[in-house]
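*Asks:* Dropping in entry-v9.cif, which is mmCIF, C-alpha atoms (C1' of nucleotides):
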```
data_target
#
loop_
_atom_site.label_atom_id
_atom_site.label_comp_id
_atom_site.auth_asym_id
_atom_site.auth_seq_id
_atom_site.Cartn_x
_atom_site.Cartn_y
_atom_site.Cartn_z
CA MET Z 1 -9.92 39.51 83.49
CA GLN Z 2 -8.50 37.40 80.71
CA TYR Z 3 -9.44 34.17 78.95
CA TRP Z 4 -7.25 31.19 78.18
CA LEU Z 5 -7.20 27.67 76.80
CA MET Z 6 -5.11 24.97 78.45
CA LYS Z 7 -4.42 21.55 76.99
CA SER Z 8 -4.06 18.29 78.83
CA GLU Z 9 -4.08 14.69 77.76
CA PRO Z 10 -7.11 13.03 79.33
CA ASP Z 11 -5.13 9.82 79.83
CA VAL Z 12 -2.77 11.81 82.05
CA PHE Z 13 -5.06 14.40 83.64
CA GLY Z 14 -8.53 15.06 82.26
CA ILE Z 15 -11.44 17.18 83.40
CA ASP Z 16 -12.88 14.25 85.38
CA ASP Z 17 -9.64 14.08 87.32
CA LEU Z 18 -9.94 17.77 88.14
CA MET Z 19 -13.54 17.29 89.32
CA ALA Z 20 -12.41 14.50 91.64
CA ARG Z 21 -9.65 16.52 93.32
CA PRO Z 22 -10.06 17.93 96.82
CA LYS Z 23 -11.62 21.39 96.40
CA GLN Z 24 -11.68 20.52 92.70
CA THR Z 25 -8.41 22.40 92.49
CA GLU Z 26 -5.03 21.32 91.14
CA PRO Z 27 -1.61 22.82 90.43
CA TRP Z 28 -1.05 22.91 86.66
CA ASP Z 29 2.52 21.67 86.78
CA GLY Z 30 4.93 20.12 84.33
CA VAL Z 31 4.76 22.86 81.71
CA ARG Z 32 8.25 23.04 80.19
CA ASN Z 33 7.87 25.60 77.46
CA TYR Z 34 9.00 29.18 77.87
CA GLN Z 35 6.10 30.87 76.13
CA ALA Z 36 3.60 28.97 78.23
CA ARG Z 37 5.64 29.58 81.34
CA ASN Z 38 5.74 33.30 80.73
CA MET Z 39 1.96 33.44 80.42
CA MET Z 40 1.51 31.66 83.73
CA ARG Z 41 4.21 33.66 85.48
CA ASP Z 42 3.42 37.11 84.11
CA GLN Z 43 -0.15 37.28 82.91
CA MET Z 44 -2.57 34.81 84.46
CA GLN Z 45 -4.50 36.20 87.40
CA VAL Z 46 -6.89 34.76 89.94
CA GLY Z 47 -10.34 34.62 88.41
CA ASP Z 48 -9.19 34.32 84.80
CA GLN Z 49 -11.43 31.89 82.90
CA VAL Z 50 -9.91 28.89 81.15
CA PHE Z 51 -11.17 26.39 78.61
CA PHE Z 52 -10.09 22.84 79.46
CA TYR Z 53 -8.94 21.17 76.23
CA HIS Z 54 -8.35 17.45 75.84
CA SER Z 55 -5.43 16.73 73.48
CA ASN Z 56 -3.84 13.63 72.01
CA CYS Z 57 -6.97 11.54 72.35
CA ALA Z 58 -9.80 10.09 70.29
CA GLU Z 59 -11.90 13.25 70.37
CA PRO Z 60 -9.73 16.32 70.88
CA GLY Z 61 -11.62 19.44 71.88
CA ILE Z 62 -12.91 21.69 74.64
CA VAL Z 63 -14.63 19.81 77.44
CA GLY Z 64 -15.36 22.47 80.05
CA ILE Z 65 -14.29 25.48 82.05
CA MET Z 66 -11.95 26.11 84.93
CA GLN Z 67 -10.64 29.25 86.54
CA VAL Z 68 -7.30 30.38 87.87
CA ALA Z 69 -7.31 29.88 91.64
CA LYS Z 70 -3.72 30.96 92.28
CA ALA Z 71 -1.51 33.14 90.11
CA GLY Z 72 1.92 32.07 88.89
CA TYR Z 73 4.37 30.65 91.44
CA PRO Z 74 7.39 28.35 91.13
CA ASP Z 75 6.75 24.82 89.89
CA VAL Z 76 8.72 22.93 92.52
CA THR Z 77 8.33 19.63 90.68
CA ALA Z 78 11.22 20.87 88.55
CA GLN Z 79 13.46 20.75 91.64
CA ASP Z 80 12.40 17.23 92.66
CA PRO Z 81 14.76 14.56 91.32
CA ASP Z 82 12.02 11.95 91.72
CA SER Z 83 9.50 13.90 89.66
CA LYS Z 84 8.94 13.07 86.03
CA TYR Z 85 9.08 16.83 85.52
CA HIS Z 86 12.51 17.18 87.10
CA ASP Z 87 14.82 19.75 85.51
CA PRO Z 88 18.39 19.69 86.84
CA LYS Z 89 18.78 23.36 85.99
CA ALA Z 90 15.99 24.43 88.33
CA THR Z 91 16.91 25.56 91.83
CA ALA Z 92 15.18 27.27 94.75
CA ASP Z 93 16.98 30.51 93.86
CA ASN Z 94 16.20 30.12 90.17
CA PRO Z 95 13.09 27.97 89.84
CA ARG Z 96 13.04 28.30 86.04
CA TRP Z 97 9.49 26.88 85.73
CA TYR Z 98 6.19 28.19 87.02
CA ARG Z 99 2.66 26.92 87.49
CA VAL Z 100 -0.77 28.23 88.43
CA ASP Z 101 -3.54 26.52 90.36
CA VAL Z 102 -6.76 25.88 88.51
CA LYS Z 103 -10.22 25.19 89.87
CA PHE Z 104 -13.04 23.32 88.19
CA VAL Z 105 -15.99 25.47 87.11
CA ARG Z 106 -18.11 23.27 84.90
CA LYS Z 107 -18.07 20.45 82.40
CA PHE Z 108 -19.89 20.89 79.12
CA PRO Z 109 -22.63 18.39 78.28
CA ARG Z 110 -20.61 17.51 75.19
CA THR Z 111 -17.14 17.99 73.78
CA ILE Z 112 -16.78 20.92 71.42
CA THR Z 113 -14.41 19.18 69.08
CA LEU Z 114 -11.38 20.60 67.36
CA ASN Z 115 -13.02 19.70 64.08
CA GLU Z 116 -16.06 21.76 64.99
CA LEU Z 117 -14.01 24.73 66.14
CA LYS Z 118 -12.19 24.78 62.79
CA GLN Z 119 -15.44 25.10 60.89
CA HIS Z 120 -16.49 28.44 62.39
CA ALA Z 121 -15.18 31.47 60.53
CA GLN Z 122 -15.74 33.45 63.73
CA LEU Z 123 -12.83 31.54 65.24
CA ASP Z 124 -10.35 32.15 62.43
CA GLY Z 125 -7.17 33.38 64.07
CA MET Z 126 -7.76 31.61 67.35
CA ALA Z 127 -4.30 30.64 68.59
CA VAL Z 128 -5.07 27.00 69.30
CA LEU Z 129 -6.26 26.54 65.73
CA ALA Z 130 -3.15 27.97 64.12
CA ARG Z 131 -1.30 25.59 61.85
CA GLY Z 132 1.37 23.65 63.66
CA ASN Z 133 0.36 25.05 67.02
CA ARG Z 134 1.82 23.09 69.90
CA LEU Z 135 1.56 25.55 72.76
CA SER Z 136 -0.22 24.00 75.72
CA ILE Z 137 -1.52 27.38 76.91
CA THR Z 138 -2.97 29.95 74.52
CA PRO Z 139 -4.92 33.17 75.02
CA VAL Z 140 -8.58 33.39 74.01
CA SER Z 141 -10.28 36.66 73.14
CA LYS Z 142 -13.55 37.64 74.80
CA ALA Z 143 -15.31 37.36 71.43
CA GLN Z 144 -13.93 33.85 70.93
CA TRP Z 145 -14.84 32.90 74.47
CA ASP Z 146 -18.42 34.08 74.14
CA PHE Z 147 -18.86 32.41 70.77
CA ILE Z 148 -17.62 29.05 72.01
CA LEU Z 149 -19.72 29.26 75.17
CA ALA Z 150 -22.79 29.66 73.00
CA LEU Z 151 -21.92 26.40 71.22
CA ALA Z 152 -21.71 24.39 74.41
"C1'" DG D 1 2.06 4.05 64.90
"C1'" DC D 2 3.13 7.71 61.60
"C1'" DC D 3 4.87 11.98 60.75
"C1'" DA D 4 4.72 17.18 60.17
"C1'" DA D 5 5.71 20.98 62.84
"C1'" DC D 6 8.06 23.01 66.22
"C1'" DG D 7 11.33 24.12 70.32
"C1'" DT D 8 15.75 23.21 72.36
"C1'" DT D 9 20.50 21.92 72.50
"C1'" DG D 10 25.14 22.22 71.51
"C1'" DG D 11 29.14 22.20 68.28
"C1'" DC D 12 31.42 25.38 65.64
"C1'" DG H 1 25.02 33.69 65.97
"C1'" DC H 2 24.14 29.83 62.85
"C1'" DC H 3 22.10 25.60 62.09
"C1'" DA H 4 21.96 20.42 62.18
"C1'" DA H 5 20.45 17.02 65.20
"C1'" DC H 6 17.38 15.66 68.33
"C1'" DG H 7 13.18 15.26 71.25
"C1'" DT H 8 8.33 16.36 71.81
"C1'" DT H 9 3.60 17.47 70.57
"C1'" DG H 10 -0.57 16.14 68.91
"C1'" DG H 11 -3.75 15.23 64.96
"C1'" DC H 12 -4.80 11.59 62.23
#
```
Re-express the file's structure as structure tokens.

*Replies:*
Amino acid sequence: MQYWLMKSEPDVFGIDDLMARPKQTEPWDGVRNYQARNMMRDQMQVGDQVFFYHSNCAEPGIVGIMQVAKAGYPDVTAQDPDSKYHDPKATADNPRWYRVDVKFVRKFPRTITLNELKQHAQLDGMAVLARGNRLSITPVSKAQWDFILALA
DNA sequence: GCCAACGTTGGC
DNA sequence: GCCAACGTTGGC
């Protein structure tokens, strides 16, 4: 089993939105970056544990945990002309973009802020903290996962 | 709203 | 294959 961190803007889809979904499960669609796509398509497996990270908001940071409920499969929103995630180069034969389904596990009693994460030497090298990082999905090591869980 | 950092596109 | 232009991300 592997560990991950996935970003979302709470104004668009936050952890409270995930909690309110039927079965507390949601397709993680709209990812249009090849590195992130490859992780979803090739690596993420059912049961993998994922930190839910709120980005582009007043208090960016980790707000809870979800898990992968369905491994990578084509993101059909790319093939839908009415979707805001439409990509004219995506077809049924060549879907181009992939998504996974995620399921809510728990919400932390507080946000573990980006600022706080940066202050722990134990988390030096964590992908999400790397300078200039913009990837919306990054791997988390077991050591990093355990350390952050203990902060929550 | 600003802007640094980064990924993608497309002309050559 | 190079690289300038452009669009996006995301912290601040």

*Asks:* What lies within 12 Å of segment 1-3 of chain D using all atoms listed in the file, ignoring chain neighbours under 6 positions off, as a PyMOL selection string?

*Replies:* chain H and resi 9-12

*Asks:* Calculate how many Å separate atom CA of Leu114 of chain Z from atom CA of Met66 of chain Z, rounding to one decimal.

*Replies:*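 Pair atom CA of Leu114 of chain Z / atom CA of Met66 of chain Z returns 18.4 Å.
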
*Asks:* At a cut-off of 8 Å, which residues of chain Z touch chain D? Count only C-alpha atoms (C1' of nucleotides) and give the answer as a JSON list (two decimals) with C-alpha atoms, in the coordinates of the input.

*Replies:*
```json
[["chain", "number", "residue", "atom", "x", "y", "z"],
["Z", 132, "GLY", "CA", 1.37, 23.65, 63.66],
["Z", 133, "ASN", "CA", 0.36, 25.05, 67.02],
["Z", 134, "ARG", "CA", 1.82, 23.09, 69.90]]
```

*Asks:* So how far away is atom CA of Ser8 of chain Z from atom CA of Ser55 of chain Z, in Å?

*Replies:*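 So the answer is 5.7 Å.
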
*Asks:* Applying 12 Å and only C-alpha atoms (C1' of nucleotides), which residues near segment 116-121 of chain Z remain after dropping the ones on its own chain fewer than 5 positions away? List them as a VMD selection string.

*Replies:* chain Z and resid 53 59 to 62 110 to 111 126 to 131 144 to 145 147 to 149 151 to 152

*Asks:* Record the distance separating atom CA of Asp80 of chain Z and atom CA of Arg99 of chain Z, expressed in Å with one decimal.

*Replies:*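 It comes out at 14.7 Å.
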
*Asks:* Choose the residue, out of Z:Lys7, Z:Lys89, Z:Lys84, Z:Arg96, that has the smallest atom-to-atom separation from Phe51 of chain Z; count only C-alpha atoms.

*Replies:* Z:Lys7

*Asks:* As a ChimeraX atom specification, please: the residues near Gln45 of chain Z (cut-off 9 Å, all atoms listed in the file, same-chain neighbours under 4 positions excluded).

*Replies:* /Z:1-2,40,68-72,100

*Asks:* Starting from the shown file, work through the PyMOL selection byres ((chain Z and resi 77) around 12) and note down what comes out as a VMD selection string.

*Replies:* chain Z and resid 27 to 32 73 to 76 78 to 88 90 to 92 95 to 99

*Asks:* Taking every listed atom of segment 95-100 of chain Z and adding 3 Å to each side, what centre and edge lengths in Å (one decimal) does the axis-aligned box have, as lines of an AutoDock Vina configuration file?

*Replies:*
```
center_x = 6.2
center_y = 27.6
center_z = 87.8
size_x = 19.9
size_y = 7.4
size_z = 10.1
```
